[in-house]
Amino acid sequence: MSNSDGGRNVVGWAARDQTGILSPYSFTIRKTGAEDVAMKVLYCGVDHTDLHQIRNEIHMANYPLVPGHEIVGEVIELGSDVRKFKVGQIVGVGGIIGSCGSCSCCQSNREQYCSNRILTYNGVYKDGKPTQGGFSSAMVVHHKFVVSIPEKLQPEQAAPLLCAGVTAYSPLRQLRGAGEGLRGGILGLGGVGHVGVKIAKAMGHHVTVISSSDRKRREALDALGADAFLVSSDDEKMAEAAESLDYILDTVPAVHSLELYLSLLKVDGKLILVGVAPKPLQLETTAVILGRKSITGSLIGSVEETEELLEFWGEKGLTSMIEVVKMEYVNKAMERIEGNDVRYRFVLDVAGSNLH
């Protein structure tokens, strides 16, 4: 429904304060501009970052805050200059919806590192209004930040790929030139970790899942196809695995030791941080110096990488392990995410929910 200004009235679920409790919230999104895509939201993945954001644990929350940046929807209107999409097409939107377009990062398909990137939610758009995410009935997004969902992928399956998936894919893609014989570790088996295992295996890597307890061993080995499972509290096994890995993809979104995992890397090995911890991490510098090891980071992925991943995922016949729930369950879902009680990604059936 449009309002008198040509904007669209929508309903989402928003947090109002640091409790992070989500409830129905009516707001207005801009009218569809010449370069915009308007979409009805069908599904939206639930990220651990959403939990941090609604509780004001990272960045500065701007309430009311509608989270959600793993968005799959159906095109309902196109701007006059948009040629890439058509009405009725299934499309996706990830973690950013804008950038400057002119810096070196934007010009080299690395727009997620643009210093003026605009976050899908809890950001400020070019018109000065706060951005709101995919826990809502509809969105309007510039076409450059919209991707096509391949027909071979189910829309609810595609949702986690738009943040969790590309967060793992982007740094693993950078390692492709090193060959298929890489030995990698995936630290943390949650939303990002579980797709990371599948992507690394599909790239031909030997994959070790590293976890704080033994309870996900069978799932890691049998359901996800990991080659090995290592419990970080098992001193003997950790010692045996010392200097055995070329890289570790660290997906843990909480404060944790780095030295413990740096010991697993070979000389010149890389610890790649993709999990957003709410407080600073610390380490002894010798843990890096003595093995010429690197600690690096990676932020989601570019639009180009997201499109690559969607095709790669379909070509390899991969599937996400998800639990589809209605919007009215979202606060319980957040509680379960905090307790690490999800296998491995909640996906909200937004279109199938009573948002009011």
# chains A, B, ... in the order shown; residues from 1 in each chain; ligands from 1

call {"tool": "residues_around", "arguments": {"residues": "Thr251 (chain A)", "least_positions_apart": "5", "cutoff": "10 Å", "atoms": "only C-alpha atoms", "output": "list in words"}}
result
Ala164, Thr167, Ala168, Ile186, Leu187, Gly188, Leu189, Gly190, Gly191, Val192, Gly193, His194, Gly196, Ile272, Leu273, Val274, Gly275, Val276 and Ala277 of chain A

call {"tool": "write_last_selection", "arguments": {"atoms": "all heavy atoms", "output": "mmCIF file, in the first residue's frame"}}
result
data_model
loop_
_atom_site.group_PDB
_atom_site.id
_atom_site.type_symbol
_atom_site.label_atom_id
_atom_site.label_comp_id
_atom_site.auth_asym_id
_atom_site.auth_seq_id
_atom_site.Cartn_x
_atom_site.Cartn_y
_atom_site.Cartn_z
ATOM 1 N N ALA A 164 25.753 -15.456 5.685
ATOM 2 C CA ALA A 164 26.586 -16.534 6.217
ATOM 3 C C ALA A 164 27.396 -17.198 5.108
ATOM 4 O O ALA A 164 28.605 -17.411 5.236
ATOM 5 C CB ALA A 164 25.706 -17.569 6.923
ATOM 6 N N THR A 167 30.025 -14.889 3.522
ATOM 7 C CA THR A 167 31.041 -14.593 4.537
ATOM 8 C C THR A 167 32.107 -15.686 4.568
ATOM 9 O O THR A 167 33.296 -15.399 4.780
ATOM 10 C CB THR A 167 30.391 -14.435 5.921
ATOM 11 O OG1 THR A 167 29.559 -13.263 5.911
ATOM 12 C CG2 THR A 167 31.412 -14.301 7.027
ATOM 13 N N ALA A 168 31.697 -16.920 4.367
ATOM 14 C CA ALA A 168 32.657 -18.026 4.280
ATOM 15 C C ALA A 168 33.293 -18.108 2.896
ATOM 16 O O ALA A 168 34.500 -18.339 2.755
ATOM 17 C CB ALA A 168 31.972 -19.345 4.621
ATOM 18 N N ILE A 186 37.708 -25.126 10.366
ATOM 19 C CA ILE A 186 36.531 -24.279 10.539
ATOM 20 C C ILE A 186 36.257 -24.212 12.033
ATOM 21 O O ILE A 186 35.911 -25.224 12.653
ATOM 22 C CB ILE A 186 35.298 -24.825 9.798
ATOM 23 C CG1 ILE A 186 35.606 -25.054 8.317
ATOM 24 C CG2 ILE A 186 34.120 -23.876 9.989
ATOM 25 C CD1 ILE A 186 35.877 -23.812 7.516
ATOM 26 N N LEU A 187 36.480 -23.051 12.619
ATOM 27 C CA LEU A 187 36.318 -22.865 14.059
ATOM 28 C C LEU A 187 34.911 -22.341 14.338
ATOM 29 O O LEU A 187 34.559 -21.233 13.927
ATOM 30 C CB LEU A 187 37.370 -21.887 14.583
ATOM 31 C CG LEU A 187 37.283 -21.470 16.049
ATOM 32 C CD1 LEU A 187 37.327 -22.688 16.965
ATOM 33 C CD2 LEU A 187 38.416 -20.508 16.395
ATOM 34 N N GLY A 188 34.111 -23.149 15.011
ATOM 35 C CA GLY A 188 32.736 -22.790 15.312
ATOM 36 C C GLY A 188 31.796 -23.382 14.282
ATOM 37 O O GLY A 188 31.957 -23.158 13.082
ATOM 38 N N LEU A 189 30.825 -24.153 14.741
ATOM 39 C CA LEU A 189 29.911 -24.826 13.813
ATOM 40 C C LEU A 189 28.506 -24.271 13.997
ATOM 41 O O LEU A 189 27.618 -24.911 14.543
ATOM 42 C CB LEU A 189 29.937 -26.344 14.039
ATOM 43 C CG LEU A 189 29.355 -27.187 12.908
ATOM 44 C CD1 LEU A 189 30.083 -26.932 11.606
ATOM 45 C CD2 LEU A 189 29.444 -28.674 13.258
ATOM 46 N N GLY A 190 28.335 -23.041 13.527
ATOM 47 C CA GLY A 190 27.023 -22.408 13.542
ATOM 48 C C GLY A 190 26.578 -22.110 12.131
ATOM 49 O O GLY A 190 26.849 -22.878 11.205
ATOM 50 N N GLY A 191 25.893 -20.958 11.942
ATOM 51 C CA GLY A 191 25.383 -20.611 10.633
ATOM 52 C C GLY A 191 26.477 -20.452 9.592
ATOM 53 O O GLY A 191 26.417 -21.030 8.501
ATOM 54 N N VAL A 192 27.515 -19.665 9.906
ATOM 55 C CA VAL A 192 28.621 -19.473 8.974
ATOM 56 C C VAL A 192 29.470 -20.735 8.902
ATOM 57 O O VAL A 192 29.875 -21.173 7.814
ATOM 58 C CB VAL A 192 29.489 -18.271 9.386
ATOM 59 C CG1 VAL A 192 30.673 -18.117 8.437
ATOM 60 C CG2 VAL A 192 28.660 -16.994 9.406
ATOM 61 N N GLY A 193 29.745 -21.346 10.057
ATOM 62 C CA GLY A 193 30.612 -22.514 10.094
ATOM 63 C C GLY A 193 30.095 -23.675 9.273
ATOM 64 O O GLY A 193 30.851 -24.343 8.550
ATOM 65 N N HIS A 194 28.806 -23.946 9.342
ATOM 66 C CA HIS A 194 28.297 -25.127 8.639
ATOM 67 C C HIS A 194 28.331 -24.962 7.127
ATOM 68 O O HIS A 194 28.636 -25.921 6.407
ATOM 69 C CB HIS A 194 26.897 -25.499 9.153
ATOM 70 C CG HIS A 194 25.739 -25.050 8.345
ATOM 71 N ND1 HIS A 194 25.231 -23.767 8.409
ATOM 72 C CD2 HIS A 194 24.961 -25.706 7.441
ATOM 73 C CE1 HIS A 194 24.195 -23.666 7.600
ATOM 74 N NE2 HIS A 194 24.011 -24.824 6.991
ATOM 75 N N GLY A 196 30.546 -22.992 5.713
ATOM 76 C CA GLY A 196 31.980 -22.975 5.464
ATOM 77 C C GLY A 196 32.539 -24.360 5.237
ATOM 78 O O GLY A 196 33.373 -24.574 4.350
ATOM 79 N N ILE A 272 41.662 -16.500 9.831
ATOM 80 C CA ILE A 272 40.776 -15.554 9.152
ATOM 81 C C ILE A 272 39.564 -15.300 10.034
ATOM 82 O O ILE A 272 38.748 -16.192 10.275
ATOM 83 C CB ILE A 272 40.332 -16.112 7.789
ATOM 84 C CG1 ILE A 272 41.539 -16.541 6.956
ATOM 85 C CG2 ILE A 272 39.497 -15.084 7.037
ATOM 86 C CD1 ILE A 272 41.181 -17.410 5.753
ATOM 87 N N LEU A 273 39.443 -14.086 10.529
ATOM 88 C CA LEU A 273 38.351 -13.732 11.421
ATOM 89 C C LEU A 273 37.136 -13.266 10.613
ATOM 90 O O LEU A 273 37.229 -12.317 9.837
ATOM 91 C CB LEU A 273 38.778 -12.607 12.368
ATOM 92 C CG LEU A 273 39.996 -12.876 13.262
ATOM 93 C CD1 LEU A 273 40.335 -11.617 14.054
ATOM 94 C CD2 LEU A 273 39.749 -14.033 14.194
ATOM 95 N N VAL A 274 36.006 -13.947 10.809
ATOM 96 C CA VAL A 274 34.756 -13.520 10.175
ATOM 97 C C VAL A 274 33.624 -13.389 11.190
ATOM 98 O O VAL A 274 32.581 -12.814 10.886
ATOM 99 C CB VAL A 274 34.327 -14.475 9.033
ATOM 100 C CG1 VAL A 274 35.348 -14.456 7.904
ATOM 101 C CG2 VAL A 274 34.105 -15.888 9.537
ATOM 102 N N GLY A 275 33.801 -13.942 12.388
ATOM 103 C CA GLY A 275 32.813 -13.788 13.452
ATOM 104 C C GLY A 275 33.029 -12.473 14.179
ATOM 105 O O GLY A 275 34.171 -12.117 14.507
ATOM 106 N N VAL A 276 31.959 -11.751 14.430
ATOM 107 C CA VAL A 276 32.060 -10.432 15.083
ATOM 108 C C VAL A 276 31.898 -10.616 16.590
ATOM 109 O O VAL A 276 30.797 -10.877 17.079
ATOM 110 C CB VAL A 276 31.001 -9.466 14.539
ATOM 111 C CG1 VAL A 276 31.113 -8.109 15.237
ATOM 112 C CG2 VAL A 276 31.133 -9.302 13.039
ATOM 113 N N ALA A 277 32.997 -10.472 17.318
ATOM 114 C CA ALA A 277 32.955 -10.577 18.782
ATOM 115 C C ALA A 277 32.558 -9.230 19.377
ATOM 116 O O ALA A 277 33.009 -8.177 18.897
ATOM 117 C CB ALA A 277 34.313 -11.009 19.315
#

call {"tool": "residues_around", "arguments": {"residues": "Gly94 (chain A)", "least_positions_apart": "5", "cutoff": "10 Å", "atoms": "only C-alpha atoms", "output": "list of chain:residue names"}}
result
A:Cys44, A:Gly68, A:His69, A:Glu70, A:Ile71, A:Val72, A:Leu119, A:Thr120, A:Gly133, A:Gly134, A:Phe145, A:Val146, A:Val147, A:Ala159, A:Pro160, A:Leu161, A:Leu162, A:Cys163, A:Ala164, A:Val166, A:Ile300, A:Gly301, A:Ser302, A:Val303, A:Thr306

call {"tool": "closest_residue", "arguments": {"among": "A:Lys237, A:Arg8, A:Arg55, A:Arg117", "to": "Leu22 (chain A)", "atoms": "only C-alpha atoms"}}
result
A:Arg55

call {"tool": "select_by_dssp", "arguments": {"residues": "region 3-178 of chain A", "states": "alpha helix (DSSP H)", "output": "VMD selection string"}}
result
chain A and resid 48 to 54 104 to 107 155 to 158 164 to 174

call {"tool": "write_last_selection", "arguments": {"atoms": "N, CA, C and O atoms", "output": "CSV table (one decimal), in the first residue's frame"}}
result
chain,number,residue,atom,x,y,z
A,48,HIS,N,23.5,-14.3,13.9
A,48,HIS,CA,24.0,-14.0,15.2
A,48,HIS,C,24.2,-12.5,15.3
A,48,HIS,O,24.0,-11.9,16.4
A,49,THR,N,24.7,-11.8,14.2
A,49,THR,CA,24.9,-10.4,14.2
A,49,THR,C,23.6,-9.7,14.6
A,49,THR,O,23.6,-8.6,15.2
A,50,ASP,N,22.4,-10.2,14.1
A,50,ASP,CA,21.1,-9.6,14.4
A,50,ASP,C,20.9,-9.5,15.9
A,50,ASP,O,20.4,-8.5,16.4
A,51,LEU,N,21.3,-10.6,16.6
A,51,LEU,CA,21.2,-10.6,18.1
A,51,LEU,C,22.0,-9.5,18.7
A,51,LEU,O,21.6,-8.8,19.6
A,52,HIS,N,23.3,-9.4,18.3
A,52,HIS,CA,24.2,-8.4,18.8
A,52,HIS,C,23.6,-7.0,18.5
A,52,HIS,O,23.7,-6.1,19.4
A,53,GLN,N,23.1,-6.8,17.3
A,53,GLN,CA,22.7,-5.5,16.9
A,53,GLN,C,21.5,-5.0,17.7
A,53,GLN,O,21.4,-3.9,18.2
A,54,ILE,N,20.5,-5.9,17.8
A,54,ILE,CA,19.2,-5.5,18.5
A,54,ILE,C,19.5,-5.2,20.0
A,54,ILE,O,18.7,-4.4,20.6
A,104,SER,N,38.2,3.1,-4.9
A,104,SER,CA,39.0,2.0,-5.5
A,104,SER,C,38.3,0.7,-5.2
A,104,SER,O,38.3,-0.2,-6.0
A,105,CYS,N,37.7,0.6,-4.0
A,105,CYS,CA,37.0,-0.7,-3.6
A,105,CYS,C,35.7,-0.9,-4.5
A,105,CYS,O,35.5,-1.9,-5.0
A,106,CYS,N,35.0,0.2,-4.6
A,106,CYS,CA,33.8,0.1,-5.5
A,106,CYS,C,34.1,-0.2,-6.9
A,106,CYS,O,33.4,-0.9,-7.6
A,107,GLN,N,35.2,0.4,-7.4
A,107,GLN,CA,35.6,0.2,-8.8
A,107,GLN,C,36.2,-1.2,-9.1
A,107,GLN,O,36.4,-1.6,-10.2
A,155,PRO,N,14.0,-20.8,-2.4
A,155,PRO,CA,14.2,-19.5,-1.8
A,155,PRO,C,14.7,-19.5,-0.4
A,155,PRO,O,15.5,-18.8,0.1
A,156,GLU,N,14.0,-20.4,0.4
A,156,GLU,CA,14.4,-20.5,1.9
A,156,GLU,C,15.8,-21.0,2.0
A,156,GLU,O,16.5,-20.7,3.0
A,157,GLN,N,16.2,-21.9,1.1
A,157,GLN,CA,17.6,-22.4,1.1
A,157,GLN,C,18.6,-21.4,0.8
A,157,GLN,O,19.7,-21.4,1.3
A,158,ALA,N,18.2,-20.5,-0.1
A,158,ALA,CA,19.2,-19.4,-0.6
A,158,ALA,C,19.4,-18.4,0.5
A,158,ALA,O,20.5,-17.8,0.5
A,164,ALA,N,25.8,-15.5,5.7
A,164,ALA,CA,26.6,-16.5,6.2
A,164,ALA,C,27.4,-17.2,5.1
A,164,ALA,O,28.6,-17.4,5.2
A,165,GLY,N,26.7,-17.5,4.0
A,165,GLY,CA,27.4,-18.2,2.9
A,165,GLY,C,28.5,-17.4,2.3
A,165,GLY,O,29.7,-17.9,2.2
A,166,VAL,N,28.2,-16.2,1.9
A,166,VAL,CA,29.3,-15.4,1.3
A,166,VAL,C,30.3,-15.0,2.2
A,166,VAL,O,31.5,-14.7,1.8
A,167,THR,N,30.0,-14.9,3.5
A,167,THR,CA,31.0,-14.6,4.5
A,167,THR,C,32.1,-15.7,4.6
A,167,THR,O,33.3,-15.4,4.8
A,168,ALA,N,31.7,-16.9,4.4
A,168,ALA,CA,32.7,-18.0,4.3
A,168,ALA,C,33.3,-18.1,2.9
A,168,ALA,O,34.5,-18.3,2.8
A,169,TYR,N,32.5,-17.9,1.9
A,169,TYR,CA,33.0,-18.1,0.5
A,169,TYR,C,34.0,-17.1,0.1
A,169,TYR,O,35.1,-17.4,-0.5
A,170,SER,N,33.9,-15.8,0.5
A,170,SER,CA,34.8,-14.8,0.1
A,170,SER,C,36.2,-15.0,0.5
A,170,SER,O,37.1,-15.0,-0.4
A,171,PRO,N,36.5,-15.3,1.7
A,171,PRO,CA,37.9,-15.6,2.1
A,171,PRO,C,38.4,-16.9,1.5
A,171,PRO,O,39.6,-17.1,1.2
A,172,LEU,N,37.5,-17.9,1.4
A,172,LEU,CA,38.0,-19.2,0.9
A,172,LEU,C,38.3,-19.1,-0.6
A,172,LEU,O,39.2,-19.7,-1.1
A,173,ARG,N,37.5,-18.2,-1.3
A,173,ARG,CA,37.8,-18.0,-2.7
A,173,ARG,C,39.2,-17.4,-2.9
A,173,ARG,O,39.8,-17.7,-3.9
A,174,GLN,N,39.6,-16.6,-2.0
A,174,GLN,CA,41.0,-16.0,-2.1
A,174,GLN,C,42.1,-17.0,-2.0
A,174,GLN,O,43.2,-16.8,-2.4

call {"tool": "residues_around", "arguments": {"residues": "region 138-140 of chain A", "least_positions_apart": "5", "cutoff": "9 Å", "atoms": "only C-alpha atoms", "output": "PyMOL selection string"}}
result
chain A and resi 8-12+29-33+36-42+73+132-133

call {"tool": "closest_residue", "arguments": {"among": "A:Pro278, A:Gly291, A:Gly79, A:Gly101", "to": "Asn116 (chain A)", "atoms": "only C-alpha atoms"}}
result
A:Gly101

call {"tool": "residues_around", "arguments": {"residues": "Val209 (chain A)", "least_positions_apart": "2", "cutoff": "7 Å", "atoms": "only C-alpha atoms", "output": "list in words"}}
result
Gly185, Ile186, Leu187, Val207, Ser211, Ala220, Ala226, Ala228, Phe229 and Leu230 of chain A

call {"tool": "residues_around", "arguments": {"residues": "Val324 (chain A)", "least_positions_apart": "3", "cutoff": "10 Å", "atoms": "only C-alpha atoms", "output": "JSON, numbers by chain"}}
result
{"A": [43, 44, 45, 156, 157, 321, 327, 345, 346, 347, 348, 349, 350]}
